[in-house]
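The structure under discussion appears below in the form of structure tokens.
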Amino acid sequence: MLKPPTSQQAFVIVRDIDAPVSRVFEQLTSEAGMKAWVPLCRSAQWQHPKGARGPGVDSVRDIRLHGGIIAAERMVAWDPGRELHYSFDATTLPVAALTRGYVGVTRIEARGAGTSRLHWAIHFDSPGPLALLRPLVIASLQPLVATMAGRLKRLSEQR
């Protein structure tokens, strides 16, 4: 397990998935998978640092949603096939203006023969006046992350 973010955990979503860790991680990180589990996704593609052979630390997941919404997520920690941590490199989502130290953590653990458990935690700080908005940010983010986790589960379980 990678070192947890220093920002405060806001919530965690857990899903048991009837698929091996490798399949879940592949769907989590593949461009085709992202287009399937991210709601309203128009396109998803990776950009990697020069010389990188695939996704890892400092790779950027560029997700474009309908309505012109951009969510470019920079990988800040990476354990191949098991865990990744991302922050927003650039986004038009209001969460960037309402949080500090935002980090999403997705970890997949083996649960038995061909089954996995997904942990998806969102961490962020809410300094000063932003503390008043923290409950609203959580109330808007938690259902979205739960939806994405559910869609990732269904996608991963398809044979």
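Letters A, B, ... go to the chains of the structure tokens in the order shown; residues in each chain start at 1; ligands are counted from 1 in the same order.
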
Write out as a PyMOL selection string the set of residues from chain A that DSSP, computed on the backbone, places in strand (DSSP E or B).
chain A and resi 9-17+41-47+60-65+69-79+83-91+100-112+115-125

From a DSSP calculation on the backbone, collect every residue of region 10-150 of chain A in alpha helix (DSSP H) and output the set as a PyMOL selection string.
chain A and resi 21-29+31-37+95-98+134-150

Atoms kept (N, CA and C atoms) for selection, written as a CSV table (one decimal), in the first residue's frame:
chain,number,residue,atom,x,y,z
A,21,VAL,N,-8.0,-8.7,-9.6
A,21,VAL,CA,-7.4,-7.4,-9.5
A,21,VAL,C,-6.9,-6.9,-10.8
A,22,SER,N,-6.2,-7.8,-11.6
A,22,SER,CA,-5.7,-7.3,-12.9
A,22,SER,C,-6.7,-6.8,-13.8
A,23,ARG,N,-7.9,-7.4,-13.9
A,23,ARG,CA,-9.0,-6.9,-14.8
A,23,ARG,C,-9.5,-5.6,-14.3
A,24,VAL,N,-9.7,-5.5,-13.0
A,24,VAL,CA,-10.3,-4.2,-12.4
A,24,VAL,C,-9.3,-3.1,-12.7
A,25,PHE,N,-8.0,-3.3,-12.4
A,25,PHE,CA,-7.0,-2.2,-12.7
A,25,PHE,C,-6.9,-1.9,-14.1
A,26,GLU,N,-7.0,-2.9,-15.0
A,26,GLU,CA,-7.0,-2.6,-16.4
A,26,GLU,C,-8.2,-1.7,-16.8
A,27,GLN,N,-9.4,-2.0,-16.3
A,27,GLN,CA,-10.6,-1.2,-16.7
A,27,GLN,C,-10.5,0.2,-16.0
A,28,LEU,N,-9.9,0.3,-14.8
A,28,LEU,CA,-9.7,1.6,-14.2
A,28,LEU,C,-8.7,2.5,-15.0
A,29,THR,N,-7.7,1.9,-15.6
A,29,THR,CA,-6.7,2.7,-16.2
A,29,THR,C,-6.7,2.8,-17.8
A,31,GLU,N,-8.0,3.5,-21.5
A,31,GLU,CA,-8.8,4.6,-22.1
A,31,GLU,C,-10.2,4.2,-22.5
A,32,ALA,N,-10.4,3.0,-23.0
A,32,ALA,CA,-11.7,2.4,-23.3
A,32,ALA,C,-12.5,2.2,-22.0
A,33,GLY,N,-11.8,1.7,-21.0
A,33,GLY,CA,-12.5,1.6,-19.7
A,33,GLY,C,-13.0,2.9,-19.1
A,34,MET,N,-12.1,3.9,-19.1
A,34,MET,CA,-12.5,5.2,-18.6
A,34,MET,C,-13.7,5.7,-19.3
A,35,LYS,N,-13.8,5.6,-20.6
A,35,LYS,CA,-14.9,6.1,-21.4
A,35,LYS,C,-16.2,5.4,-20.9
A,36,ALA,N,-16.1,4.1,-20.4
A,36,ALA,CA,-17.3,3.4,-20.0
A,36,ALA,C,-17.7,3.7,-18.6
A,37,TRP,N,-16.8,3.9,-17.7
A,37,TRP,CA,-17.2,4.1,-16.3
A,37,TRP,C,-17.3,5.5,-15.8
A,95,VAL,N,-14.8,21.7,-7.9
A,95,VAL,CA,-14.2,21.1,-6.8
A,95,VAL,C,-12.8,21.7,-6.6
A,96,ALA,N,-12.1,22.0,-7.7
A,96,ALA,CA,-10.7,22.6,-7.6
A,96,ALA,C,-10.7,23.9,-6.8
A,97,ALA,N,-11.8,24.7,-7.0
A,97,ALA,CA,-11.8,26.0,-6.3
A,97,ALA,C,-12.3,25.9,-4.9
A,98,LEU,N,-12.9,24.8,-4.5
A,98,LEU,CA,-13.5,24.6,-3.2
A,98,LEU,C,-12.7,23.7,-2.3
A,134,ARG,N,-17.3,22.4,3.1
A,134,ARG,CA,-16.9,21.0,3.0
A,134,ARG,C,-18.1,20.0,3.0
A,135,PRO,N,-19.1,20.1,3.8
A,135,PRO,CA,-20.2,19.2,3.8
A,135,PRO,C,-20.9,19.2,2.4
A,136,LEU,N,-21.0,20.3,1.8
A,136,LEU,CA,-21.6,20.4,0.5
A,136,LEU,C,-20.8,19.8,-0.6
A,137,VAL,N,-19.5,20.0,-0.5
A,137,VAL,CA,-18.6,19.4,-1.5
A,137,VAL,C,-18.6,17.8,-1.4
A,138,ILE,N,-18.6,17.3,-0.1
A,138,ILE,CA,-18.7,15.9,0.1
A,138,ILE,C,-20.1,15.4,-0.5
A,139,ALA,N,-21.1,16.1,-0.2
A,139,ALA,CA,-22.5,15.7,-0.6
A,139,ALA,C,-22.6,15.6,-2.1
A,140,SER,N,-21.8,16.4,-2.8
A,140,SER,CA,-21.9,16.4,-4.3
A,140,SER,C,-20.9,15.4,-4.9
A,141,LEU,N,-19.8,15.2,-4.2
A,141,LEU,CA,-18.8,14.3,-4.8
A,141,LEU,C,-19.1,12.8,-4.5
A,142,GLN,N,-19.6,12.5,-3.3
A,142,GLN,CA,-19.7,11.1,-2.9
A,142,GLN,C,-20.7,10.4,-3.8
A,143,PRO,N,-21.8,10.9,-4.2
A,143,PRO,CA,-22.7,10.1,-5.1
A,143,PRO,C,-22.0,9.9,-6.5
A,144,LEU,N,-21.2,10.9,-7.0
A,144,LEU,CA,-20.5,10.8,-8.2
A,144,LEU,C,-19.5,9.7,-8.2
A,145,VAL,N,-18.7,9.6,-7.1
A,145,VAL,CA,-17.7,8.6,-7.0
A,145,VAL,C,-18.3,7.2,-6.8
A,146,ALA,N,-19.4,7.2,-6.1
A,146,ALA,CA,-20.2,5.9,-5.9
A,146,ALA,C,-20.7,5.4,-7.3
A,147,THR,N,-21.2,6.3,-8.1
A,147,THR,CA,-21.7,5.9,-9.4
A,147,THR,C,-20.5,5.4,-10.3
A,148,MET,N,-19.4,6.1,-10.2
A,148,MET,CA,-18.2,5.6,-11.0
A,148,MET,C,-17.7,4.3,-10.5
A,149,ALA,N,-17.7,4.1,-9.2
A,149,ALA,CA,-17.3,2.8,-8.6
A,149,ALA,C,-18.2,1.7,-9.1
A,150,GLY,N,-19.5,2.0,-9.1
A,150,GLY,CA,-20.5,1.0,-9.5
A,150,GLY,C,-20.4,0.6,-11.0

Close residues, Asp89 (chain A) itself excluded, 6 Å, only C-alpha atoms, min 2 positions apart in chain, as number ranges by chain:
A: 72-74

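Nearest residue to Leu155 (chain A) among A:Pro4, A:Val38, A:Phe11, A:Arg64 is A:Val38, counting only C-alpha atoms.
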
Measuring atom to atom with only C-alpha atoms, identify which of A:His48, A:His123, A:Arg151, A:Arg100 is nearest to Met75 (chain A).
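Among the listed residues, the smallest separation from Met75 (chain A) belongs to A:His48.
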
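Note that CA of Leu152 (chain A) and CA of His66 (chain A) are 19.3 Å apart.
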